[in-house]
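Data block for work-v1.cif (mmCIF, C-alpha atoms (C1' of nucleotides)):
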data_protein
#
loop_
_atom_site.label_atom_id
_atom_site.label_comp_id
_atom_site.auth_asym_id
_atom_site.auth_seq_id
_atom_site.Cartn_x
_atom_site.Cartn_y
_atom_site.Cartn_z
CA MET A 10 1.74 8.25 1.83
CA LEU A 11 -0.96 6.85 4.07
CA ARG A 12 -3.24 6.64 1.11
CA ILE A 13 -6.75 5.30 0.83
CA SER A 14 -7.28 3.13 -2.22
CA ARG A 15 -8.46 4.82 -5.36
CA LEU A 16 -11.57 2.70 -5.39
CA THR A 17 -12.51 4.05 -2.00
CA ASP A 18 -11.89 7.54 -3.20
CA TYR A 19 -14.21 6.94 -6.13
CA ALA A 20 -16.77 5.45 -3.77
CA ILE A 21 -16.91 8.64 -1.82
CA VAL A 22 -17.43 10.70 -4.92
CA LEU A 23 -20.24 8.41 -5.94
CA LEU A 24 -21.84 8.53 -2.53
CA ALA A 25 -21.63 12.27 -2.62
CA HIS A 26 -23.58 12.23 -5.83
CA LEU A 27 -26.13 9.87 -4.35
CA ALA A 28 -26.43 12.06 -1.30
CA GLY A 29 -26.88 15.08 -3.51
CA GLY A 30 -29.91 13.72 -5.34
CA ASP A 31 -33.46 13.75 -4.06
CA SER A 32 -33.67 11.38 -1.14
CA GLY A 33 -35.35 8.11 -1.98
CA GLU A 34 -34.67 8.67 -5.64
CA LEU A 35 -33.04 5.76 -7.43
CA GLN A 36 -29.91 6.52 -9.42
CA ASN A 37 -28.50 3.92 -11.72
CA ALA A 38 -24.88 3.04 -12.33
CA ARG A 39 -24.84 4.52 -15.81
CA GLU A 40 -25.95 7.96 -14.66
CA LEU A 41 -23.55 7.93 -11.75
CA ALA A 42 -20.70 6.93 -14.00
CA ARG A 43 -21.47 9.83 -16.28
CA ALA A 44 -21.77 12.26 -13.41
CA ALA A 45 -18.51 11.19 -11.86
CA ALA A 46 -16.74 10.80 -15.20
CA LEU A 47 -15.65 7.27 -14.38
CA PRO A 48 -15.83 4.08 -16.45
CA LEU A 49 -19.07 2.22 -15.96
CA PRO A 50 -17.59 -1.16 -14.97
CA VAL A 51 -15.62 0.48 -12.20
CA VAL A 52 -18.64 2.33 -10.91
CA SER A 53 -20.66 -0.83 -11.06
CA LYS A 54 -18.14 -2.74 -9.06
CA ILE A 55 -17.99 -0.10 -6.38
CA LEU A 56 -21.75 0.24 -6.08
CA LYS A 57 -22.09 -3.49 -5.75
CA ALA A 58 -19.56 -3.51 -2.96
CA LEU A 59 -21.30 -0.67 -1.17
CA THR A 60 -24.57 -2.53 -1.45
CA ARG A 61 -23.08 -5.67 0.00
CA ALA A 62 -21.68 -3.55 2.80
CA GLY A 63 -25.19 -2.35 3.57
CA LEU A 64 -24.63 1.31 2.78
CA LEU A 65 -26.74 1.28 -0.34
CA GLN A 66 -29.93 -0.42 -1.29
CA SER A 67 -30.33 -1.67 -4.82
CA GLN A 68 -33.29 -2.14 -7.06
CA ARG A 69 -32.85 -4.56 -9.92
CA GLY A 70 -34.41 -4.59 -13.32
CA ALA A 71 -35.49 -1.82 -15.62
CA ARG A 72 -35.74 1.53 -13.88
CA GLY A 73 -33.56 0.07 -11.17
CA GLY A 74 -30.68 1.74 -9.40
CA TYR A 75 -29.25 2.55 -6.01
CA VAL A 76 -30.25 4.62 -3.01
CA LEU A 77 -28.58 5.48 0.24
CA VAL A 78 -29.96 3.39 3.06
CA ARG A 79 -29.33 6.04 5.69
CA ALA A 80 -29.33 9.81 5.61
CA PRO A 81 -25.98 11.35 4.67
CA GLU A 82 -25.65 12.72 8.20
CA GLN A 83 -25.71 9.18 9.52
CA VAL A 84 -22.86 7.83 7.41
CA SER A 85 -19.32 8.47 8.58
CA VAL A 86 -16.22 8.31 6.48
CA ALA A 87 -14.84 5.74 8.90
CA GLU A 88 -17.68 3.42 7.99
CA LEU A 89 -16.89 3.76 4.33
CA LEU A 90 -13.32 2.78 4.90
CA ASP A 91 -14.39 -0.15 7.03
CA ALA A 92 -16.76 -1.29 4.33
CA LEU A 93 -14.36 -1.02 1.42
CA GLU A 94 -10.93 -1.61 2.85
CA GLY A 95 -11.49 -3.39 6.09
CA PRO A 96 -10.92 -1.85 9.49
CA VAL A 97 -8.79 1.25 9.81
CA ALA A 98 -5.51 -0.01 11.23
CA LEU A 99 -2.26 1.76 10.63
CA THR A 100 -0.25 -1.29 11.57
CA GLU A 101 -0.65 -4.95 10.78
CA CYS A 102 -1.12 -5.86 14.42
CA GLY A 103 -4.07 -3.51 14.65
CA ALA A 104 -6.09 -5.38 12.07
CA HIS A 105 -4.77 -8.92 12.43
CA PRO A 106 -3.49 -9.60 15.91
CA GLY A 107 -1.31 -12.66 16.13
CA VAL A 108 0.39 -12.37 12.76
CA CYS A 109 3.33 -10.28 13.92
CA GLN A 110 5.85 -12.41 15.76
CA GLN A 111 6.89 -9.74 18.19
CA GLU A 112 3.60 -8.59 19.52
CA ALA A 113 4.42 -9.76 22.99
CA SER A 114 7.68 -7.88 23.22
CA CYS A 115 6.80 -4.95 20.98
CA ARG A 116 7.48 -1.65 22.68
CA VAL A 117 5.48 0.55 20.38
CA ARG A 118 2.38 -1.46 19.74
CA ASP A 119 0.17 0.07 22.32
CA PRO A 120 0.85 3.68 21.41
CA TRP A 121 -0.03 2.81 17.85
CA GLN A 122 -3.37 1.51 18.93
CA ARG A 123 -4.05 4.87 20.49
CA ILE A 124 -2.96 6.75 17.41
CA ASN A 125 -5.31 4.50 15.54
CA ARG A 126 -8.15 5.41 17.80
CA ALA A 127 -7.47 9.08 17.39
CA ILE A 128 -7.48 8.85 13.62
CA ARG A 129 -10.53 6.69 13.64
CA GLU A 130 -12.36 9.20 15.79
CA THR A 131 -11.38 11.91 13.36
CA LEU A 132 -12.84 9.94 10.50
CA GLU A 133 -15.95 9.10 12.46
CA ARG A 134 -16.68 12.74 13.03
CA VAL A 135 -16.86 13.42 9.29
CA THR A 136 -20.07 12.38 7.61
CA LEU A 137 -21.15 12.13 4.04
CA ALA A 138 -23.24 15.21 4.61
CA ASP A 139 -20.11 17.18 5.47
CA LEU A 140 -18.57 16.16 2.17
CA VAL A 141 -21.57 17.14 0.13
CA ARG A 142 -22.22 20.57 1.50
CA ALA A 143 -18.58 21.52 1.58
CA SER A 144 -19.41 24.65 -0.32
CA GLU A 145 -21.43 25.93 2.60
CA PRO A 146 -18.93 26.04 5.42
CA SER A 147 -21.18 28.11 7.62
CA LEU A 148 -23.48 25.16 8.07
CA ILE A 149 -20.81 23.10 9.69
CA PRO A 150 -20.84 23.11 13.48
CA PRO A 151 -17.85 24.98 14.89
CA ASP A 152 -16.83 22.21 17.26
CA SER A 153 -16.42 19.73 14.42
CA LEU A 154 -13.27 18.96 12.58
CA PHE A 155 -13.97 21.57 10.02
CA GLY A 156 -13.08 25.10 10.76
CA GLN A 157 -10.54 24.24 13.38
CA SER A 158 -7.72 25.34 11.13
CA ALA A 159 -8.16 28.69 9.50
CA GLY A 160 -5.69 28.06 6.73
CA ALA A 161 -7.56 25.18 5.22
CA SER A 162 -10.66 27.14 4.38
CA ARG A 163 -8.88 29.58 2.15
CA SER A 164 -8.87 27.39 -0.91
CA LEU A 165 -12.52 26.67 -0.39
CA GLU A 166 -13.61 30.27 -0.57
CA SER A 167 -11.45 31.04 -3.54
CA SER A 168 -12.91 28.25 -5.63
CA MET B 18 -7.08 -0.60 5.85
CA LEU B 19 -5.36 2.75 5.82
CA ARG B 20 -2.14 1.01 6.55
CA ILE B 21 1.36 2.37 6.89
CA SER B 22 3.95 0.25 5.11
CA ARG B 23 5.59 -2.47 7.10
CA LEU B 24 8.97 -0.89 6.55
CA THR B 25 7.75 2.25 8.24
CA ASP B 26 6.40 0.23 11.07
CA TYR B 27 9.78 -1.40 11.50
CA ALA B 28 11.43 1.97 11.34
CA ILE B 29 9.47 3.16 14.29
CA VAL B 30 10.39 0.13 16.32
CA LEU B 31 14.03 0.73 15.49
CA LEU B 32 13.83 4.38 16.36
CA ALA B 33 12.22 3.48 19.63
CA HIS B 34 15.21 1.30 20.39
CA LEU B 35 17.57 4.07 19.42
CA ALA B 36 15.66 6.51 21.57
CA GLY B 37 15.78 4.08 24.45
CA GLY B 38 19.56 3.83 24.52
CA ASP B 39 21.91 6.32 26.14
CA SER B 40 21.76 9.52 24.17
CA GLY B 41 24.77 10.04 21.95
CA GLU B 42 25.55 6.34 22.11
CA LEU B 43 26.11 4.69 18.75
CA GLN B 44 24.12 1.57 18.03
CA ASN B 45 24.96 -0.53 15.04
CA ALA B 46 22.62 -2.26 12.66
CA ARG B 47 23.47 -5.72 13.91
CA GLU B 48 22.53 -4.94 17.49
CA LEU B 49 19.37 -3.22 16.46
CA ALA B 50 18.40 -6.11 14.26
CA ARG B 51 18.85 -8.46 17.17
CA ALA B 52 16.93 -6.24 19.53
CA ALA B 53 14.04 -5.84 17.13
CA ALA B 54 14.18 -9.45 15.95
CA LEU B 55 14.34 -8.41 12.33
CA PRO B 56 16.62 -9.58 9.52
CA LEU B 57 19.78 -7.54 9.28
CA PRO B 58 19.46 -6.53 5.62
CA VAL B 59 16.05 -5.08 6.26
CA VAL B 60 17.22 -3.16 9.27
CA SER B 61 20.18 -1.90 7.32
CA LYS B 62 18.01 -0.65 4.53
CA ILE B 63 15.72 1.19 6.88
CA LEU B 64 18.50 2.79 8.84
CA LYS B 65 20.12 3.97 5.64
CA ALA B 66 16.87 5.56 4.57
CA LEU B 67 16.40 7.25 7.90
CA THR B 68 19.91 8.60 7.69
CA ARG B 69 19.31 9.99 4.22
CA ALA B 70 16.15 11.58 5.57
CA GLY B 71 18.21 13.35 8.21
CA LEU B 72 16.66 11.69 11.20
CA LEU B 73 19.72 9.65 12.07
CA GLN B 74 23.40 10.33 11.93
CA SER B 75 25.71 7.53 10.93
CA GLN B 76 29.27 6.70 11.75
CA ARG B 77 31.05 4.45 9.32
CA GLY B 78 33.81 1.96 9.89
CA ALA B 79 34.58 -0.28 12.81
CA ARG B 80 32.75 0.70 15.97
CA GLY B 81 30.38 2.65 13.79
CA GLY B 82 26.62 2.85 14.06
CA TYR B 83 23.69 5.22 14.22
CA VAL B 84 22.42 7.91 16.57
CA LEU B 85 19.34 10.03 16.64
CA VAL B 86 20.07 13.53 15.43
CA ARG B 87 17.39 15.13 17.54
CA ALA B 88 15.95 14.34 20.94
CA PRO B 89 13.01 11.91 20.82
CA GLU B 90 10.70 14.70 21.96
CA GLN B 91 11.58 16.61 18.82
CA VAL B 92 10.67 13.92 16.33
CA SER B 93 7.03 13.51 15.37
CA VAL B 94 5.45 10.45 13.83
CA ALA B 95 4.30 12.63 10.95
CA GLU B 96 7.91 13.36 10.10
CA LEU B 97 8.72 9.69 9.99
CA LEU B 98 5.93 9.04 7.56
CA ASP B 99 7.02 11.96 5.43
CA ALA B 100 10.56 10.67 5.40
CA LEU B 101 9.77 7.07 4.54
CA GLU B 102 6.58 7.18 2.53
CA GLY B 103 6.32 10.68 1.23
CA PRO B 104 3.77 13.19 2.40
CA VAL B 105 0.68 12.06 4.27
CA ALA B 106 -2.13 12.34 1.74
CA LEU B 107 -5.21 10.19 1.91
CA THR B 108 -6.09 10.89 -1.69
CA GLU B 109 -4.03 11.08 -4.82
CA CYS B 110 -4.88 14.73 -5.37
CA GLY B 111 -3.49 15.58 -1.97
CA ALA B 112 0.01 14.43 -2.82
CA HIS B 113 0.13 15.00 -6.58
CA PRO B 114 -2.22 17.75 -7.67
CA GLY B 115 -2.94 17.74 -11.37
CA VAL B 116 -2.94 14.00 -11.92
CA CYS B 117 -6.63 13.47 -11.28
CA GLN B 118 -8.72 14.59 -14.25
CA GLN B 119 -11.63 15.79 -12.24
CA GLU B 120 -9.96 18.03 -9.76
CA ALA B 121 -11.70 21.08 -11.11
CA SER B 122 -15.17 19.63 -10.82
CA CYS B 123 -14.59 17.35 -7.84
CA ARG B 124 -17.12 17.95 -5.13
CA VAL B 125 -15.33 16.20 -2.32
CA ARG B 126 -11.76 17.24 -2.81
CA ASP B 127 -11.67 20.12 -0.43
CA PRO B 128 -13.18 18.29 2.52
CA TRP B 129 -10.57 15.60 2.03
CA GLN B 130 -7.84 18.16 2.33
CA ARG B 131 -9.23 19.12 5.67
CA ILE B 132 -9.49 15.56 6.84
CA ASN B 133 -5.90 15.23 5.79
CA ARG B 134 -4.90 18.17 7.89
CA ALA B 135 -6.70 16.80 10.89
CA ILE B 136 -4.97 13.45 10.61
CA ARG B 137 -1.66 15.06 10.00
CA GLU B 138 -2.05 17.20 13.09
CA THR B 139 -2.85 14.09 15.05
CA LEU B 140 0.34 12.46 13.87
CA GLU B 141 2.36 15.59 14.51
CA ARG B 142 1.30 15.65 18.10
CA VAL B 143 2.78 12.21 18.74
CA THR B 144 6.53 12.12 19.19
CA LEU B 145 9.05 9.35 19.39
CA ALA B 146 9.30 10.05 23.08
CA ASP B 147 5.63 9.23 23.48
CA LEU B 148 6.20 5.88 21.85
CA VAL B 149 9.14 4.98 23.99
CA ARG B 150 7.78 5.79 27.39
CA ALA B 151 4.42 4.25 26.67
CA SER B 152 4.78 2.19 29.78
CA GLU B 153 4.67 5.34 31.89
CA PRO B 154 1.35 6.90 30.97
CA SER B 155 1.43 9.33 33.86
CA LEU B 156 4.26 11.23 32.22
CA ILE B 157 2.16 12.07 29.23
CA PRO B 158 0.55 15.49 29.30
CA PRO B 159 -3.21 15.23 29.72
CA ASP B 160 -4.00 17.53 26.84
CA SER B 161 -2.15 15.35 24.39
CA LEU B 162 -3.64 12.64 22.29
CA PHE B 163 -2.90 10.06 24.89
CA GLY B 164 -5.24 9.63 27.77
CA GLN B 165 -8.20 11.01 25.95
CA SER B 166 -9.79 7.61 25.79
CA ALA B 167 -9.89 5.65 29.00
CA GLY B 168 -10.45 2.31 27.34
CA ALA B 169 -7.24 2.29 25.41
CA SER B 170 -5.00 2.35 28.46
CA ARG B 171 -6.32 -0.87 29.87
CA SER B 172 -4.17 -3.13 27.79
CA LEU B 173 -1.18 -1.03 28.62
CA GLU B 174 -1.40 -1.49 32.33
CA SER B 175 -2.03 -5.18 32.08
CA SER B 176 1.10 -5.83 30.08
"C1'" DA C 2 -40.92 -11.57 -24.40
"C1'" DT C 3 -37.76 -8.19 -24.49
"C1'" DT C 4 -35.13 -4.85 -22.49
"C1'" DT C 5 -33.01 -2.78 -18.68
"C1'" DA C 6 -30.09 -2.97 -14.89
"C1'" DC C 7 -27.99 -5.14 -10.80
"C1'" DA C 8 -25.23 -9.61 -8.78
"C1'" DG C 9 -21.37 -12.24 -8.63
"C1'" DG C 10 -17.23 -13.60 -9.80
"C1'" DA C 11 -13.29 -14.74 -13.01
"C1'" DC C 12 -9.46 -12.79 -14.96
"C1'" DC C 13 -5.37 -10.03 -16.01
"C1'" DG C 14 -1.59 -6.61 -16.37
"C1'" DG C 15 1.11 -3.52 -13.80
"C1'" DA C 16 2.88 -1.30 -9.83
"C1'" DG C 17 4.72 -1.34 -5.49
"C1'" DC C 18 6.39 -3.58 -1.43
"C1'" DG C 19 9.23 -6.50 1.26
"C1'" DG C 20 13.33 -8.69 1.17
"C1'" DT C 21 18.10 -10.17 -0.43
"C1'" DC C 22 22.56 -9.44 -2.28
"C1'" DC C 23 26.70 -7.27 -3.94
"C1'" DC C 24 30.29 -4.12 -4.27
"C1'" DC C 25 32.27 0.09 -2.51
"C1'" DT C 26 34.08 3.21 1.05
"C1'" DA C 27 35.32 4.68 5.62
"C1'" DT C 28 37.12 3.79 10.21
"C1'" DG C 29 39.39 1.43 14.09
"C1'" DC C 30 42.54 -1.95 15.78
"C1'" DT C 31 46.65 -4.70 15.72
"C1'" DA D 25 50.17 -1.53 6.55
"C1'" DG D 26 46.69 -4.67 6.67
"C1'" DC D 27 42.63 -6.70 8.30
"C1'" DA D 28 38.17 -6.66 10.24
"C1'" DT D 29 34.15 -4.03 11.00
"C1'" DA D 30 30.32 -1.36 9.61
"C1'" DG D 31 27.75 1.84 6.80
"C1'" DG D 32 26.43 3.68 1.58
"C1'" DG D 33 24.32 2.89 -2.58
"C1'" DG D 34 21.89 0.53 -5.56
"C1'" DA D 35 20.41 -3.57 -8.40
"C1'" DC D 36 17.39 -7.18 -8.40
"C1'" DC D 37 13.41 -10.24 -7.72
"C1'" DG D 38 9.19 -12.57 -6.32
"C1'" DC D 39 4.86 -11.82 -4.52
"C1'" DT D 40 0.83 -9.57 -3.51
"C1'" DC D 41 -2.60 -6.41 -4.20
"C1'" DC D 42 -4.95 -2.95 -6.83
"C1'" DG D 43 -7.34 -1.09 -10.63
"C1'" DG D 44 -9.81 -2.31 -14.36
"C1'" DT D 45 -12.43 -5.32 -17.73
"C1'" DC D 46 -15.58 -8.82 -18.98
"C1'" DC D 47 -18.96 -12.50 -18.83
"C1'" DT D 48 -22.87 -14.96 -17.24
"C1'" DG D 49 -26.92 -14.99 -14.37
"C1'" DT D 50 -31.16 -12.97 -12.36
"C1'" DA D 51 -34.78 -9.68 -11.27
"C1'" DA D 52 -38.05 -6.21 -12.63
"C1'" DA D 53 -40.65 -3.20 -15.85
"C1'" DT D 54 -43.02 -2.53 -20.19
#
Output the structure of this file as structure tokens.
Amino acid sequence: MLRISRLTDYAIVLLAHLAGGDSGELQNARELARAAALPLPVVSKILKALTRAGLLQSQRGARGGYVLVRAPEQVSVAELLDALEGPVALTECGAHPGVCQQEASCRVRDPWQRINRAIRETLERVTLADLVRASEPSLIPPDSLFGQSAGASRSLESS
Amino acid sequence: MLRISRLTDYAIVLLAHLAGGDSGELQNARELARAAALPLPVVSKILKALTRAGLLQSQRGARGGYVLVRAPEQVSVAELLDALEGPVALTECGAHPGVCQQEASCRVRDPWQRINRAIRETLERVTLADLVRASEPSLIPPDSLFGQSAGASRSLESS
DNA sequence: ATTTACAGGACCGGAGCGGTCCCCTATGCT
DNA sequence: AGCATAGGGGACCGCTCCGGTCCTGTAAAT
């Protein structure tokens, strides 16, 4: 599996919508819920969490809503995961050192840490902006993650 | 989080032990459980699963046990995850297309698929052999995942 | 003052995970 | 032949965590 939680998945969709709007423009939970076709309470919960994590800024009261604090180019997917699910750590010992009894004698721990780093770096290289303008692959720098595998872009063009 | 299941984690430790032994040598569940400091029933369960997945071969009866089917160099971490947790898919729609209602209109789905591919490729590049001989970093080819970040190897050398 | 909309947190059902146990079958040894 | 060893398959169970809902409070606009 190696799944992200569904809430996090939703969060990214919502952030994509926020990134898509005019910058500085407030968007409220109700609108976002409609746009993403998700139940309002769920959307609310996620937006609150993202605000607490510092990724969004909120405005209370009538005509209130949420805005991105930073530009979409400045927000990496890794950050989102950190904010919503805690640090990216494939193994227990990566996130909570000291819990696993066998850390001292574990033969595979260190390689895992490096795998972790590699995956984290992958996720850090992808920004919210990449997610939003996915339909314009030519804008994406060639040295980035995107475009490194020819096969993956097929489905994009056909859609 | 982005965690692998603990069972999978255990599996890798066990496979590392199996890879460490003389090749072709049977190792039984009891020994492996001792070596990994894990309860026997758990180890048993994992080994059975790995056998069903075709990664191990088993020998029943007295003096029985398990062996790796392929050389450690031929077994990638990605395969292990596939075998024990199903396909690597960060999002639901990656593993089970058609479940999510908004696939058609989803703006971020395609980028996720590419992130998926990138992570998968990362995991495919790491083999069981890499995990086992982690204490000999010089043996690892420089173009591989390992060695790309200088900081990560510090803890290795100090252990 | 009223309405809108976010803040925070309680709560709850269900799914999945980690872990144990049991019974069966196959093999080796005596 | 019989016993001990060791894997095969699956049932079972408690716990945690996740997804989702709801309620009460507070801030801002009209």
Fitted chain A, least squares over ordered Cα pairs with chain B, as a CSV table (one decimal) with C-alpha atoms, keeping the file's coordinate frame:
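Output contents, as saved in selection38.csv:
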chain,number,residue,atom,x,y,z
A,10,MET,CA,-7.1,-0.6,5.9
A,11,LEU,CA,-5.4,2.7,5.9
A,12,ARG,CA,-2.2,0.9,6.6
A,13,ILE,CA,1.3,2.3,7.0
A,14,SER,CA,3.9,0.2,5.2
A,15,ARG,CA,5.6,-2.5,7.1
A,16,LEU,CA,9.0,-0.9,6.6
A,17,THR,CA,7.8,2.2,8.3
A,18,ASP,CA,6.4,0.2,11.1
A,19,TYR,CA,9.8,-1.5,11.5
A,20,ALA,CA,11.5,1.9,11.3
A,21,ILE,CA,9.5,3.1,14.3
A,22,VAL,CA,10.5,0.1,16.3
A,23,LEU,CA,14.1,0.7,15.5
A,24,LEU,CA,13.9,4.4,16.3
A,25,ALA,CA,12.3,3.4,19.6
A,26,HIS,CA,15.3,1.3,20.4
A,27,LEU,CA,17.6,4.1,19.4
A,28,ALA,CA,15.7,6.5,21.5
A,29,GLY,CA,15.9,4.1,24.4
A,30,GLY,CA,19.7,3.9,24.5
A,31,ASP,CA,22.0,6.4,26.1
A,32,SER,CA,21.8,9.6,24.1
A,33,GLY,CA,24.8,10.1,21.8
A,34,GLU,CA,25.6,6.4,22.0
A,35,LEU,CA,26.2,4.8,18.6
A,36,GLN,CA,24.2,1.6,17.9
A,37,ASN,CA,25.1,-0.4,14.9
A,38,ALA,CA,22.7,-2.2,12.5
A,39,ARG,CA,23.6,-5.6,13.8
A,40,GLU,CA,22.7,-4.9,17.4
A,41,LEU,CA,19.5,-3.2,16.4
A,42,ALA,CA,18.5,-6.1,14.2
A,43,ARG,CA,19.0,-8.4,17.1
A,44,ALA,CA,17.1,-6.2,19.5
A,45,ALA,CA,14.2,-5.9,17.1
A,46,ALA,CA,14.3,-9.5,15.9
A,47,LEU,CA,14.4,-8.4,12.3
A,48,PRO,CA,16.7,-9.6,9.5
A,49,LEU,CA,19.8,-7.5,9.2
A,50,PRO,CA,19.5,-6.5,5.5
A,51,VAL,CA,16.1,-5.1,6.2
A,52,VAL,CA,17.3,-3.1,9.2
A,53,SER,CA,20.2,-1.9,7.2
A,54,LYS,CA,18.0,-0.6,4.5
A,55,ILE,CA,15.7,1.2,6.8
A,56,LEU,CA,18.5,2.8,8.8
A,57,LYS,CA,20.1,4.0,5.6
A,58,ALA,CA,16.8,5.6,4.5
A,59,LEU,CA,16.4,7.3,7.9
A,60,THR,CA,19.9,8.6,7.6
A,61,ARG,CA,19.2,10.0,4.1
A,62,ALA,CA,16.1,11.6,5.5
A,63,GLY,CA,18.2,13.4,8.1
A,64,LEU,CA,16.6,11.7,11.2
A,65,LEU,CA,19.7,9.7,12.0
A,66,GLN,CA,23.4,10.4,11.8
A,67,SER,CA,25.7,7.6,10.8
A,68,GLN,CA,29.3,6.8,11.6
A,69,ARG,CA,31.1,4.6,9.2
A,70,GLY,CA,33.8,2.1,9.8
A,71,ALA,CA,34.6,-0.1,12.7
A,72,ARG,CA,32.8,0.9,15.9
A,73,GLY,CA,30.4,2.8,13.6
A,74,GLY,CA,26.7,2.9,13.9
A,75,TYR,CA,23.7,5.3,14.1
A,76,VAL,CA,22.4,7.9,16.5
A,77,LEU,CA,19.3,10.1,16.6
A,78,VAL,CA,20.1,13.6,15.3
A,79,ARG,CA,17.4,15.1,17.5
A,80,ALA,CA,16.0,14.3,20.9
A,81,PRO,CA,13.1,11.9,20.8
A,82,GLU,CA,10.7,14.6,22.0
A,83,GLN,CA,11.6,16.6,18.8
A,84,VAL,CA,10.7,13.9,16.3
A,85,SER,CA,7.0,13.4,15.4
A,86,VAL,CA,5.5,10.4,13.9
A,87,ALA,CA,4.3,12.6,11.0
A,88,GLU,CA,7.9,13.3,10.1
A,89,LEU,CA,8.7,9.6,10.0
A,90,LEU,CA,5.9,9.0,7.6
A,91,ASP,CA,7.0,11.9,5.5
A,92,ALA,CA,10.5,10.6,5.4
A,93,LEU,CA,9.7,7.0,4.6
A,94,GLU,CA,6.5,7.1,2.6
A,95,GLY,CA,6.3,10.6,1.3
A,96,PRO,CA,3.8,13.1,2.5
A,97,VAL,CA,0.7,12.0,4.4
A,98,ALA,CA,-2.1,12.3,1.8
A,99,LEU,CA,-5.2,10.1,2.0
A,100,THR,CA,-6.1,10.8,-1.6
A,101,GLU,CA,-4.0,11.0,-4.7
A,102,CYS,CA,-4.8,14.7,-5.3
A,103,GLY,CA,-3.4,15.5,-1.9
A,104,ALA,CA,0.1,14.3,-2.7
A,105,HIS,CA,0.2,14.9,-6.5
A,106,PRO,CA,-2.1,17.7,-7.6
A,107,GLY,CA,-2.8,17.7,-11.3
A,108,VAL,CA,-2.8,13.9,-11.8
A,109,CYS,CA,-6.6,13.4,-11.2
A,110,GLN,CA,-8.6,14.5,-14.2
A,111,GLN,CA,-11.5,15.8,-12.2
A,112,GLU,CA,-9.8,18.0,-9.7
A,113,ALA,CA,-11.6,21.1,-11.0
A,114,SER,CA,-15.0,19.7,-10.7
A,115,CYS,CA,-14.5,17.4,-7.8
A,116,ARG,CA,-17.0,18.0,-5.1
A,117,VAL,CA,-15.3,16.2,-2.3
A,118,ARG,CA,-11.7,17.2,-2.7
A,119,ASP,CA,-11.6,20.1,-0.3
A,120,PRO,CA,-13.1,18.3,2.6
A,121,TRP,CA,-10.5,15.6,2.1
A,122,GLN,CA,-7.8,18.1,2.4
A,123,ARG,CA,-9.2,19.1,5.8
A,124,ILE,CA,-9.5,15.5,6.9
A,125,ASN,CA,-5.9,15.2,5.9
A,126,ARG,CA,-4.9,18.1,8.0
A,127,ALA,CA,-6.7,16.7,11.0
A,128,ILE,CA,-4.9,13.4,10.7
A,129,ARG,CA,-1.6,15.0,10.1
A,130,GLU,CA,-2.0,17.1,13.2
A,131,THR,CA,-2.8,14.0,15.2
A,132,LEU,CA,0.4,12.4,14.0
A,133,GLU,CA,2.4,15.5,14.6
A,134,ARG,CA,1.3,15.6,18.2
A,135,VAL,CA,2.8,12.1,18.8
A,136,THR,CA,6.6,12.1,19.2
A,137,LEU,CA,9.1,9.3,19.4
A,138,ALA,CA,9.4,10.0,23.1
A,139,ASP,CA,5.7,9.2,23.5
A,140,LEU,CA,6.2,5.8,21.9
A,141,VAL,CA,9.2,4.9,24.0
A,142,ARG,CA,7.8,5.7,27.4
A,143,ALA,CA,4.5,4.2,26.7
A,144,SER,CA,4.7,2.2,29.9
A,145,GLU,CA,4.6,5.3,31.9
A,146,PRO,CA,1.3,6.9,31.0
A,147,SER,CA,1.4,9.3,33.9
A,148,LEU,CA,4.3,11.2,32.2
A,149,ILE,CA,2.2,12.0,29.3
A,150,PRO,CA,0.5,15.5,29.4
A,151,PRO,CA,-3.2,15.2,29.8
A,152,ASP,CA,-4.0,17.5,26.9
A,153,SER,CA,-2.2,15.3,24.4
A,154,LEU,CA,-3.7,12.6,22.3
A,155,PHE,CA,-3.0,10.0,24.9
A,156,GLY,CA,-5.4,9.6,27.7
A,157,GLN,CA,-8.3,11.2,25.9
A,158,SER,CA,-10.0,7.9,25.6
A,159,ALA,CA,-10.2,5.9,28.8
A,160,GLY,CA,-10.8,2.6,27.1
A,161,ALA,CA,-7.5,2.5,25.3
A,162,SER,CA,-5.4,2.6,28.4
A,163,ARG,CA,-6.8,-0.6,29.8
A,164,SER,CA,-4.6,-3.0,27.7
A,165,LEU,CA,-1.6,-0.9,28.7
A,166,GLU,CA,-2.0,-1.4,32.4
A,167,SER,CA,-2.8,-5.1,32.1
A,168,SER,CA,0.4,-5.8,30.2
Practice task
Please evaluate the PyMOL selection byres ((chain D) within 8 of (chain A)) against the structure above and give the resulting residues as an MDAnalysis selection string.
Solution key: chainID D and resid 42:45 51:53
Apply the PyMOL selection byres ((chain B) within 7 of (chain A)) to the structure shown and report the selected residues as a compact mmCIF listing (two decimals) with C-alpha atoms, keeping the file's coordinate frame.
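expr27.txt, freshly written:
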# COMPACT_ATOMS: atom_id res chain seq x y z
CA MET B 18 -7.08 -0.60 5.85
CA LEU B 19 -5.36 2.75 5.82
CA ARG B 20 -2.14 1.01 6.55
CA ILE B 21 1.36 2.37 6.89
CA ASP B 26 6.40 0.23 11.07
CA VAL B 30 10.39 0.13 16.32
CA GLU B 102 6.58 7.18 2.53
CA GLY B 103 6.32 10.68 1.23
CA PRO B 104 3.77 13.19 2.40
CA VAL B 105 0.68 12.06 4.27
CA ALA B 106 -2.13 12.34 1.74
CA LEU B 107 -5.21 10.19 1.91
CA THR B 108 -6.09 10.89 -1.69
CA ARG B 124 -17.12 17.95 -5.13
CA VAL B 125 -15.33 16.20 -2.32
CA ASP B 127 -11.67 20.12 -0.43
CA PRO B 128 -13.18 18.29 2.52
CA ARG B 131 -9.23 19.12 5.67
CA ILE B 136 -4.97 13.45 10.61
CA LEU B 148 6.20 5.88 21.85
CA VAL B 149 9.14 4.98 23.99
CA ALA B 151 4.42 4.25 26.67
CA PHE B 163 -2.90 10.06 24.89
CA ALA B 169 -7.24 2.29 25.41
CA LEU B 173 -1.18 -1.03 28.62
